[in-house]
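Peer 1: Okay, so here is start.cif, and as you'll see once you scroll down, it has mmCIF, C-alpha atoms.
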```
data_model
loop_
_atom_site.label_atom_id
_atom_site.label_comp_id
_atom_site.auth_asym_id
_atom_site.auth_seq_id
_atom_site.Cartn_x
_atom_site.Cartn_y
_atom_site.Cartn_z
CA MET A 1 118.85 116.95 88.64
CA ASP A 2 122.58 117.77 88.48
CA THR A 3 122.25 119.64 91.76
CA ALA A 4 120.48 116.66 93.36
CA ILE A 5 123.26 114.28 92.26
CA ARG A 6 125.88 116.73 93.54
CA VAL A 7 124.03 117.03 96.86
CA VAL A 8 124.00 113.23 97.34
CA ASP A 9 127.74 113.18 96.57
CA GLU A 10 128.49 115.96 99.04
CA ALA A 11 126.14 114.91 101.83
CA GLY A 12 128.42 112.11 103.05
CA PRO A 13 126.85 108.86 104.25
CA LEU A 14 123.51 110.56 105.08
CA GLY A 15 122.57 111.09 101.41
CA PRO A 16 122.91 107.53 100.07
CA LEU A 17 121.41 106.15 103.32
CA LEU A 18 118.33 108.37 103.21
CA LEU A 19 117.73 107.96 99.49
CA GLY A 20 118.49 104.20 99.55
CA ALA A 21 116.00 103.71 102.39
CA ALA A 22 113.44 105.83 100.52
CA ALA A 23 113.92 103.78 97.32
CA ILE A 24 113.55 100.46 99.21
CA CYS A 25 110.43 101.73 101.01
CA ALA A 26 108.97 102.98 97.71
CA LEU A 27 109.52 99.56 96.07
CA SER A 28 107.95 97.79 99.09
CA CYS A 29 104.93 100.08 98.88
CA LEU A 30 104.56 99.39 95.15
CA GLY A 31 104.63 95.65 96.00
CA ALA A 32 101.93 96.26 98.62
CA VAL A 33 99.83 98.09 96.00
CA ALA A 34 100.10 95.11 93.62
CA LEU A 35 99.16 92.71 96.44
CA GLY A 36 96.27 94.97 97.51
CA LEU A 37 94.88 95.17 93.95
CA ARG A 38 94.74 91.36 93.84
CA ARG A 39 92.97 91.19 97.21
CA LEU A 40 90.49 94.02 96.79
CA HIS A 41 87.48 91.84 97.54
CA ALA A 42 89.18 88.86 99.19
CA PRO A 43 88.05 87.94 102.70
CA GLY A 44 90.51 88.54 105.52
CA SER A 45 91.03 90.34 108.78
CA PRO A 46 90.09 94.06 108.69
CA ARG A 47 92.43 94.76 111.61
CA ARG A 48 95.38 93.22 109.78
CA ALA A 49 94.61 95.32 106.68
CA LEU A 50 94.44 98.44 108.89
CA LEU A 51 97.81 97.59 110.48
CA ALA A 52 99.24 97.08 106.96
CA SER A 53 97.92 100.55 106.05
CA VAL A 54 99.62 102.16 109.08
CA ALA A 55 102.89 100.26 108.46
CA LEU A 56 102.89 101.35 104.81
CA ALA A 57 102.56 105.02 105.88
CA ALA A 58 105.54 104.72 108.28
CA PRO A 59 108.24 105.49 105.63
CA LEU A 60 106.90 109.06 105.58
CA LEU A 61 108.92 109.55 108.76
CA LEU A 62 112.02 109.68 106.49
CA PRO A 63 111.21 113.04 104.81
CA VAL A 64 109.85 114.34 108.14
CA LEU A 65 113.17 113.47 109.81
CA GLY A 66 115.01 115.12 106.92
CA SER A 67 112.97 118.31 107.29
CA PHE A 68 113.92 118.48 110.99
CA LEU A 69 117.59 118.25 109.94
CA ALA A 70 116.92 121.05 107.43
CA VAL A 71 116.44 123.65 110.20
CA PRO A 72 119.76 125.54 110.24
CA SER A 73 121.59 125.46 113.57
CA PRO A 74 122.22 128.99 114.86
CA GLY A 75 125.74 130.23 115.44
CA GLY A 76 128.83 129.30 113.50
CA GLU A 77 129.70 130.31 109.99
CA PRO A 78 126.47 131.24 108.12
CA LEU A 79 127.55 129.94 104.69
CA ALA A 80 128.55 126.49 106.03
CA ALA A 81 125.42 126.20 108.23
CA ALA A 82 123.12 127.32 105.41
CA THR A 83 124.75 124.93 102.92
CA ALA A 84 124.38 121.97 105.32
CA ALA A 85 120.73 122.86 105.97
CA LEU A 86 120.04 123.22 102.22
CA HIS A 87 121.65 119.82 101.59
CA ALA A 88 119.30 118.28 104.17
CA ARG A 89 116.38 120.13 102.56
CA VAL A 90 117.15 118.74 99.09
CA LEU A 91 117.59 115.21 100.50
CA ALA A 92 114.33 115.40 102.47
CA GLY A 93 112.50 116.70 99.38
CA THR A 94 113.95 113.99 97.13
CA ALA A 95 113.06 111.27 99.67
CA GLY A 96 109.51 112.67 99.90
CA LEU A 97 109.12 112.81 96.11
CA LEU A 98 110.37 109.21 95.79
CA LEU A 99 107.91 108.04 98.43
CA ALA A 100 104.87 110.22 97.71
CA LEU A 101 103.01 108.16 95.13
CA PRO A 102 103.77 104.60 96.36
CA VAL A 103 103.26 105.43 100.06
CA GLY A 104 100.08 107.47 99.63
CA LEU A 105 98.55 104.97 97.22
CA ALA A 106 99.54 101.83 99.19
CA SER A 107 98.56 103.15 102.60
CA CYS A 108 95.14 104.50 101.60
CA LEU A 109 94.39 101.48 99.38
CA TRP A 110 94.92 99.18 102.38
CA ALA A 111 92.80 101.48 104.57
CA GLY A 112 90.06 101.02 101.95
CA ILE A 113 90.63 97.25 101.99
CA ALA A 114 90.25 97.29 105.81
CA ALA A 115 86.93 99.15 105.46
CA GLY A 116 85.85 96.81 102.64
CA ARG A 117 86.62 93.75 104.76
CA ARG A 118 84.37 95.06 107.53
CA VAL A 119 81.57 95.30 104.96
CA LEU A 120 82.34 91.75 103.72
CA GLN A 121 82.18 90.51 107.33
CA ALA A 122 78.83 92.27 107.78
CA GLY A 123 77.54 90.58 104.61
CA GLU A 124 78.76 87.17 105.75
CA ARG A 125 77.11 87.58 109.18
CA ALA A 126 73.91 88.74 107.51
CA ARG A 127 73.96 85.68 105.25
CA LEU A 128 74.50 83.28 108.14
CA SER A 129 71.82 84.94 110.33
CA ALA A 130 69.29 84.96 107.49
CA ALA A 131 70.07 81.31 106.68
CA ALA A 132 69.54 80.38 110.34
CA ALA A 133 66.15 82.17 110.23
CA GLY A 134 65.18 80.17 107.13
CA GLN A 135 65.67 83.04 104.66
CA GLY A 136 68.79 81.80 102.88
CA GLU A 137 67.97 83.45 99.54
CA LEU A 138 67.49 86.84 101.19
CA GLY A 139 70.79 86.46 103.06
CA ARG A 140 72.62 85.64 99.83
CA ARG A 141 71.17 88.72 98.11
CA VAL A 142 72.19 90.97 101.01
CA ALA A 143 75.71 89.49 101.11
CA ALA A 144 76.06 89.92 97.33
CA ALA A 145 74.96 93.59 97.58
CA LEU A 146 77.43 94.28 100.36
CA ASP A 147 80.17 92.42 98.48
CA ARG A 148 80.08 95.06 95.73
CA THR A 149 81.50 97.67 98.13
CA PRO A 150 83.34 100.56 96.45
CA LEU A 151 85.38 101.30 99.59
CA PRO A 152 88.79 99.86 98.48
CA PRO A 153 88.87 101.81 95.17
CA LEU A 154 87.74 104.89 97.10
CA GLY A 155 90.70 104.35 99.44
CA ALA A 156 93.04 104.25 96.42
CA ALA A 157 91.53 107.51 95.13
CA ILE A 158 92.09 109.17 98.52
CA GLY A 159 95.66 107.81 98.39
CA LEU A 160 96.29 109.64 95.10
CA LEU A 161 95.01 112.86 96.68
CA ALA A 162 97.27 112.30 99.71
CA ALA A 163 100.28 111.56 97.47
CA PHE A 164 99.95 114.72 95.41
CA LEU A 165 98.78 117.19 98.06
CA VAL A 166 100.03 116.05 101.46
CA VAL A 167 103.39 114.48 100.56
CA GLY A 168 104.11 115.69 97.04
CA ALA A 169 103.61 119.45 97.45
CA PRO A 170 105.75 120.00 100.59
CA SER A 171 108.44 117.63 99.24
CA LEU A 172 108.55 119.47 95.92
CA ALA A 173 108.79 122.78 97.81
CA LEU A 174 111.69 121.42 99.90
CA TYR A 175 113.47 120.14 96.78
CA VAL A 176 112.96 123.27 94.65
CA SER A 177 113.87 125.75 97.41
CA GLY A 178 116.87 123.61 98.41
CA THR A 179 118.34 123.28 94.91
CA ASP A 180 117.69 126.96 94.10
CA GLY A 181 119.27 127.99 97.41
CA LEU A 182 122.39 125.91 96.79
CA GLU A 183 122.82 127.40 93.32
CA ASN A 184 122.42 130.92 94.72
CA LEU A 185 124.82 130.27 97.59
CA SER A 186 127.47 129.06 95.16
CA LEU A 187 127.61 132.67 93.94
CA THR A 188 128.31 134.13 97.38
CA THR A 189 131.99 133.25 97.38
CA ALA A 190 132.30 134.80 93.92
CA LEU A 191 130.65 138.00 95.14
CA GLY A 192 132.80 138.41 98.24
CA GLY A 193 132.62 141.34 100.65
CA ALA A 194 129.19 142.15 102.01
CA GLY A 195 127.52 140.59 98.96
CA GLY A 196 127.56 137.11 100.53
CA PRO A 197 125.25 137.86 103.47
CA MET A 198 123.05 139.97 101.21
CA LEU A 199 122.63 137.16 98.69
CA GLY A 200 122.14 134.67 101.52
CA ALA A 201 119.35 136.76 103.04
CA LEU A 202 117.69 137.22 99.64
CA GLN A 203 117.77 133.52 98.81
CA ALA A 204 116.45 132.71 102.30
CA ARG A 205 113.51 135.01 101.62
CA ALA A 206 112.79 133.46 98.20
CA GLY A 207 113.11 129.92 99.60
CA ALA A 208 110.76 130.76 102.47
CA GLY A 209 108.06 131.77 99.98
CA VAL A 210 108.29 128.44 98.14
CA LEU A 211 108.33 126.50 101.44
CA ARG A 212 105.27 128.35 102.76
CA LEU A 213 103.33 127.66 99.55
CA GLY A 214 104.17 123.94 99.70
CA ALA A 215 103.28 123.76 103.40
CA ALA A 216 99.95 125.55 102.84
CA ILE A 217 98.96 123.13 100.05
CA GLY A 218 100.08 120.20 102.23
CA ALA A 219 98.12 121.49 105.24
CA GLY A 220 94.91 121.93 103.22
CA GLY A 221 95.42 118.47 101.72
CA SER A 222 96.07 116.82 105.09
CA ILE A 223 92.80 118.16 106.54
CA THR A 224 90.85 116.97 103.46
CA VAL A 225 92.54 113.55 103.37
CA ALA A 226 92.07 113.02 107.13
CA LEU A 227 88.34 113.81 106.83
CA LEU A 228 87.93 111.45 103.86
CA LEU A 229 89.93 108.66 105.56
CA GLY A 230 87.87 108.99 108.75
CA VAL A 231 84.64 108.70 106.76
CA LEU A 232 86.01 105.82 104.66
CA LEU A 233 87.29 103.73 107.58
CA HIS A 234 84.11 104.10 109.57
CA ALA A 235 81.73 103.71 106.65
CA GLY A 236 82.79 100.04 106.63
CA SER A 237 81.63 99.42 110.18
CA SER A 238 78.52 101.61 109.95
CA ARG A 239 75.36 99.55 110.54
CA ARG A 240 73.23 102.32 109.04
CA ARG A 241 75.22 102.37 105.80
CA ASN A 242 75.33 98.58 105.52
CA LEU A 243 71.59 98.43 106.15
CA ALA A 244 70.92 101.07 103.46
CA VAL A 245 73.02 99.11 100.93
CA ALA A 246 71.27 95.86 101.88
CA LEU A 247 67.78 97.37 101.70
CA GLN A 248 68.50 98.70 98.20
CA ALA A 249 69.17 95.09 97.20
CA VAL A 250 66.07 93.51 98.78
CA ASP A 251 63.74 96.51 98.42
CA GLY A 252 60.90 94.66 100.09
CA PRO A 253 58.02 95.31 102.48
CA GLY A 254 58.17 95.60 106.27
CA PRO A 255 58.78 92.00 107.33
CA VAL A 256 61.74 91.69 104.91
CA ARG A 257 63.20 94.92 106.27
CA THR A 258 62.92 93.64 109.84
CA SER A 259 64.63 90.43 108.85
CA VAL A 260 67.54 92.29 107.20
CA GLU A 261 67.83 94.60 110.22
CA ASN A 262 67.99 91.63 112.56
CA ALA A 263 70.60 89.98 110.37
CA LEU A 264 72.81 93.07 110.23
CA ALA A 265 72.48 93.67 113.98
CA ALA A 266 75.02 90.87 114.27
CA THR A 267 77.65 93.09 112.63
CA GLY A 268 80.56 93.31 115.06
CA ARG A 269 81.92 96.52 116.47
CA PRO A 270 85.55 97.37 115.67
CA GLY A 271 87.99 96.76 118.53
CA PRO A 272 89.41 99.47 120.82
CA LEU A 273 92.83 99.43 119.07
CA GLY A 274 91.74 101.99 116.45
CA PRO A 275 90.56 104.72 118.88
CA ILE A 276 93.58 104.11 121.17
CA GLY A 277 95.99 104.38 118.22
CA LEU A 278 94.23 107.51 117.00
CA ALA A 279 94.40 109.07 120.48
CA LEU A 280 98.15 108.33 120.68
CA LEU A 281 98.67 109.84 117.22
CA LEU A 282 96.73 112.96 118.24
CA LEU A 283 98.78 113.26 121.44
CA ALA A 284 102.11 112.91 119.59
CA LEU A 285 101.05 115.47 116.97
CA ALA A 286 99.83 117.90 119.64
CA VAL A 287 103.14 117.65 121.55
CA LEU A 288 105.12 118.23 118.34
CA VAL A 289 102.98 121.22 117.33
CA TRP A 290 103.26 122.68 120.86
CA ARG A 291 107.06 122.37 120.84
CA GLN A 292 107.42 123.83 117.35
CA ALA A 293 105.15 126.76 118.23
CA ALA A 294 107.06 127.40 121.48
CA GLU A 295 110.37 127.48 119.61
CA LEU A 296 109.01 129.87 116.99
CA ARG A 297 107.59 132.12 119.71
CA ALA A 298 110.98 132.19 121.43
CA ARG A 299 112.66 133.12 118.14
CA ALA A 300 110.09 135.81 117.43
CA GLU A 301 110.73 137.43 120.82
CA ALA A 302 114.50 137.51 120.33
CA PRO A 303 114.84 139.58 117.11
CA ALA A 304 114.16 142.96 118.73
CA ASP A 305 117.86 143.20 119.49
CA ASP A 306 118.97 141.46 116.30
CA GLU A 307 117.00 143.83 114.12
CA ALA A 308 118.46 146.78 115.95
CA VAL A 309 121.93 145.35 115.45
CA ALA A 310 121.35 144.61 111.79
CA CYS A 311 119.91 148.07 111.18
CA GLY A 312 122.76 149.94 112.74
CA LYS A 313 121.08 151.21 115.93
CA THR A 314 123.66 149.37 117.97
CA ALA A 315 126.82 147.80 116.73
CA THR A 316 127.38 145.24 119.45
CA GLY A 317 128.01 141.65 118.57
CA TYR A 318 129.67 142.15 115.21
CA PRO A 319 133.24 140.96 115.03
CA GLN A 320 134.18 144.11 113.18
CA GLY A 321 132.23 146.21 115.65
CA ARG A 322 129.79 147.44 113.00
CA PRO A 323 126.74 146.14 111.09
CA PRO A 324 126.99 144.93 107.48
CA ALA A 325 127.96 147.81 105.26
CA PHE A 326 125.11 147.31 102.82
CA LEU A 327 122.43 148.03 105.48
CA VAL A 328 122.06 151.75 106.11
CA GLY A 329 119.44 153.83 107.89
CA ASP A 330 117.20 153.28 110.88
CA ARG A 331 114.65 150.51 110.41
CA SER A 332 112.62 151.45 113.48
CA ALA A 333 112.02 154.85 111.90
CA GLY A 334 111.01 153.20 108.64
CA ARG A 335 114.24 154.23 106.94
CA VAL A 336 116.40 151.35 105.88
CA ALA A 337 118.11 150.94 102.54
CA VAL A 338 120.65 148.81 100.82
CA ASP A 339 123.84 150.53 99.75
CA ALA A 340 124.67 148.84 96.47
CA THR A 341 128.18 150.28 96.33
CA ALA A 342 129.00 148.40 99.54
CA LEU A 343 128.34 145.14 97.69
CA LEU A 344 131.15 145.72 95.21
CA PRO A 345 134.28 143.74 96.00
CA MET B 1 77.46 109.83 117.80
CA ARG B 2 80.46 107.52 118.10
CA GLN B 3 81.04 107.68 114.32
CA ILE B 4 80.95 111.48 114.39
CA ALA B 5 83.44 111.56 117.28
CA VAL B 6 85.86 109.29 115.44
CA VAL B 7 85.61 111.27 112.19
CA ALA B 8 86.12 114.48 114.22
CA ALA B 9 89.25 112.90 115.73
CA TYR B 10 90.54 112.19 112.20
CA VAL B 11 89.89 115.80 111.20
CA ALA B 12 91.73 116.96 114.34
CA ALA B 13 94.68 114.75 113.32
CA GLY B 14 94.59 116.35 109.86
CA LEU B 15 94.53 119.84 111.38
CA LEU B 16 97.47 119.05 113.66
CA ALA B 17 99.44 117.48 110.80
CA GLY B 18 98.75 120.57 108.69
CA ALA B 19 99.83 122.85 111.54
CA LEU B 20 103.01 120.79 111.91
CA LEU B 21 103.78 121.23 108.19
CA VAL B 22 103.27 124.99 108.35
CA LEU B 23 105.25 125.37 111.59
CA GLN B 24 108.09 123.25 110.23
CA ALA B 25 108.28 125.45 107.11
CA GLU B 26 108.30 128.54 109.37
CA ARG B 27 111.08 127.05 111.53
CA ILE B 28 113.23 126.36 108.46
CA ALA B 29 112.56 129.84 107.04
CA SER B 30 113.17 131.70 110.30
CA GLY B 31 116.29 129.64 111.06
CA GLU B 32 117.75 130.49 107.68
CA ARG B 33 116.83 134.17 107.99
CA GLN B 34 118.48 134.35 111.40
CA LEU B 35 121.67 132.85 109.97
CA TRP B 36 122.12 135.86 107.72
CA THR B 37 120.83 138.61 109.98
CA GLN B 38 122.61 137.62 113.18
CA PRO B 39 126.23 138.51 113.77
CA SER B 40 128.52 135.60 112.95
CA ALA B 41 131.20 134.22 115.21
CA SER B 42 133.89 134.26 112.54
#
```
Do you think you could lay out the structure here as structure tokens?
Peer 2:
Amino acid sequence: MDTAIRVVDEAGPLGPLLLGAAAICALSCLGAVALGLRRLHAPGSPRRALLASVALAAPLLLPVLGSFLAVPSPGGEPLAAATAALHARVLAGTAGLLLALPVGLASCLWAGIAAGRRVLQAGERARLSAAAAGQGELGRRVAAALDRTPLPPLGAAIGLLAAFLVVGAPSLALYVSGTDGLENLSLTTALGGAGGPMLGALQARAGAGVLRLGAAIGAGGSITVALLLGVLLHAGSSRRRNLAVALQAVDGPGPVRTSVENALAATGRPGPLGPIGLALLLLALAVLVWRQAAELRARAEAPADDEAVACGKTATGYPQGRPPAFLVGDRSAGRVAVDATALLP
Amino acid sequence: MRQIAVVAAYVAAGLLAGALLVLQAERIASGERQLWTQPSAS
């Protein structure tokens, strides 16, 4: 916690801005959760509830933006660049941790409310159609059965899963690796000599392990949550599901079944906004993934020379005209070692 | 069929989001590693 406070102090205007925005967004999401809990079964527009769900997820762009800033810029003085990147990492992690629970819960709860409202609309249409056909009692029973939809609470449960796995785990990994890295880097100036780069490389390796674990948990969670959200949102507009729920309530012979089927046939289809929005989201994600992968591929192709330089095969590029003193041997021949005496000041 | 297509689209979005998380972590890790293994300007 001390490190986090120090990071906010040292990060200039970016720290208070990012964390202030995250705190305001978290409070807004908590307000939206309270409002959603009061309106779980209230009638209303499903599309508006879906838009509320998307808007409530938007603050997650804050930690995502922070994680883009956390990629160290190559060139320049390593200690300064690494410290700036670790500051951004801690800030992104803290913003994500602040937002995880309220954003995940609020967004998925409102997605569940949107699905629930589609079911309520189906029930209302069934009631009206049945009443018009002279079977008012049947229509009321069908509407009452559909009104007891568990979709909004299911949405909230998916939100908890999203908060802990998709947002919480990568944010915690960013925060932990960032604070640990800053503490380790504070020792580099004390070490001096070749110890600084050595310690920097070691802490980078340890931090990468934590980051990879967080990202793997987040990736598994995001696939699970996306599958559950897809099923949840479209269960609300599914005629087959609504019919099954309604038939459980009436449980009658053939003519009754036909009447319920006719009544539920009036259930409206969702508009084209959902698929269009989903297609745009897919496109944006695909472009981002493509660009990230291309950059990583470019970096992976470059190190042939860097490794040779770092392992002493060639000494070009070093200001002193030689590789770091602590790296000895020939890595390409499987012989590379760290000379501990070179680390002494 | 339409429902299955939409749910498949959601799963694809989840897969891409997961890939983005993993790639972002790799970018941060490789960027930091390069800082310490590449020759510095100073």
Peer 1: Output the residue selection produced by the PyMOL selection byres ((chain A) within 7 of (chain B)) on the file above, formatted as a PyMOL selection string.
Peer 2: chain A and resi 70-72+74-78+82+197+200-201+204+208+211-212+215-216+218-220+222-223+226-227+230-231+234+282+285-286+289+292-293+296+306+310+317-318
Peer 1: Can you list, as a ChimeraX atom specification, the residues that the PyMOL selection byres ((chain A and resi 155) around 10) selects here?
Peer 2: /A:104-116,150-154,156-161,228-229,232-233
Peer 1: Could you check how far atom CA of Leu138 of chain A sits from atom CA of Ala244 of chain A, in Å to one decimal?
Peer 2: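 Atom CA of Ala244 of chain A lies 14.8 Å from atom CA of Leu138 of chain A.
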Peer 1: Just to confirm, what's the straight-line distance from atom CA of Val166 of chain A to atom CA of Val225 of chain A in Å (one decimal)?
Peer 2: 8.1 Å
Peer 1: Taking into account all atoms listed in the file, which residue in the set A:Arg299, A:Ala80, A:Leu69, A:Ala58 is nearest to Thr188 of chain A?
Peer 2: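 Using all atoms listed in the file, the shortest distance to Thr188 of chain A belongs to A:Ala80.
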Peer 1: Tell me, in Å to one decimal, how far atom CA of Arg127 of chain A is from atom CA of Arg140 of chain A.
Peer 2: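 Between atom CA of Arg127 of chain A and atom CA of Arg140 of chain A the gap works out to 5.6 Å.
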Peer 1: Just say which residues the PyMOL selection byres ((chain A and resi 28) around 12) picks in this file, as a PyMOL selection string.
Peer 2: chain A and resi 21-27+29-35+52+55-59+99+102-103+105-107
Peer 1: Please tell me which residues are no farther than 9 Å from (114.2, 112.3, 103.8) in the file, counting only C-alpha atoms, and write them as a list of chain:residue names.
Peer 2: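 Counting only C-alpha atoms, I find these residues within 9 Å of (114.2, 112.3, 103.8): A:Gly15, A:Leu18, A:Leu19, A:Ala21, A:Ala22, A:Leu60, A:Leu61, A:Leu62, A:Pro63, A:Val64, A:Leu65, A:Gly66, A:Ser67, A:Ala88, A:Arg89, A:Val90, A:Leu91, A:Ala92, A:Gly93, A:Thr94, A:Ala95, A:Gly96.
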Peer 1: Export C-alpha atoms of the chosen residues as a PDB file, in the frame of the given file?
Peer 2:
```
ATOM      1  CA  GLY A  15     122.570 111.090 101.410  1.00  0.00           C
ATOM      2  CA  LEU A  18     118.330 108.370 103.210  1.00  0.00           C
ATOM      3  CA  LEU A  19     117.730 107.960  99.490  1.00  0.00           C
ATOM      4  CA  ALA A  21     116.000 103.710 102.390  1.00  0.00           C
ATOM      5  CA  ALA A  22     113.440 105.830 100.520  1.00  0.00           C
ATOM      6  CA  LEU A  60     106.900 109.060 105.580  1.00  0.00           C
ATOM      7  CA  LEU A  61     108.920 109.550 108.760  1.00  0.00           C
ATOM      8  CA  LEU A  62     112.020 109.680 106.490  1.00  0.00           C
ATOM      9  CA  PRO A  63     111.210 113.040 104.810  1.00  0.00           C
ATOM     10  CA  VAL A  64     109.850 114.340 108.140  1.00  0.00           C
ATOM     11  CA  LEU A  65     113.170 113.470 109.810  1.00  0.00           C
ATOM     12  CA  GLY A  66     115.010 115.120 106.920  1.00  0.00           C
ATOM     13  CA  SER A  67     112.970 118.310 107.290  1.00  0.00           C
ATOM     14  CA  ALA A  88     119.300 118.280 104.170  1.00  0.00           C
ATOM     15  CA  ARG A  89     116.380 120.130 102.560  1.00  0.00           C
ATOM     16  CA  VAL A  90     117.150 118.740  99.090  1.00  0.00           C
ATOM     17  CA  LEU A  91     117.590 115.210 100.500  1.00  0.00           C
ATOM     18  CA  ALA A  92     114.330 115.400 102.470  1.00  0.00           C
ATOM     19  CA  GLY A  93     112.500 116.700  99.380  1.00  0.00           C
ATOM     20  CA  THR A  94     113.950 113.990  97.130  1.00  0.00           C
ATOM     21  CA  ALA A  95     113.060 111.270  99.670  1.00  0.00           C
ATOM     22  CA  GLY A  96     109.510 112.670  99.900  1.00  0.00           C
TER      23      GLY A  96
END
```
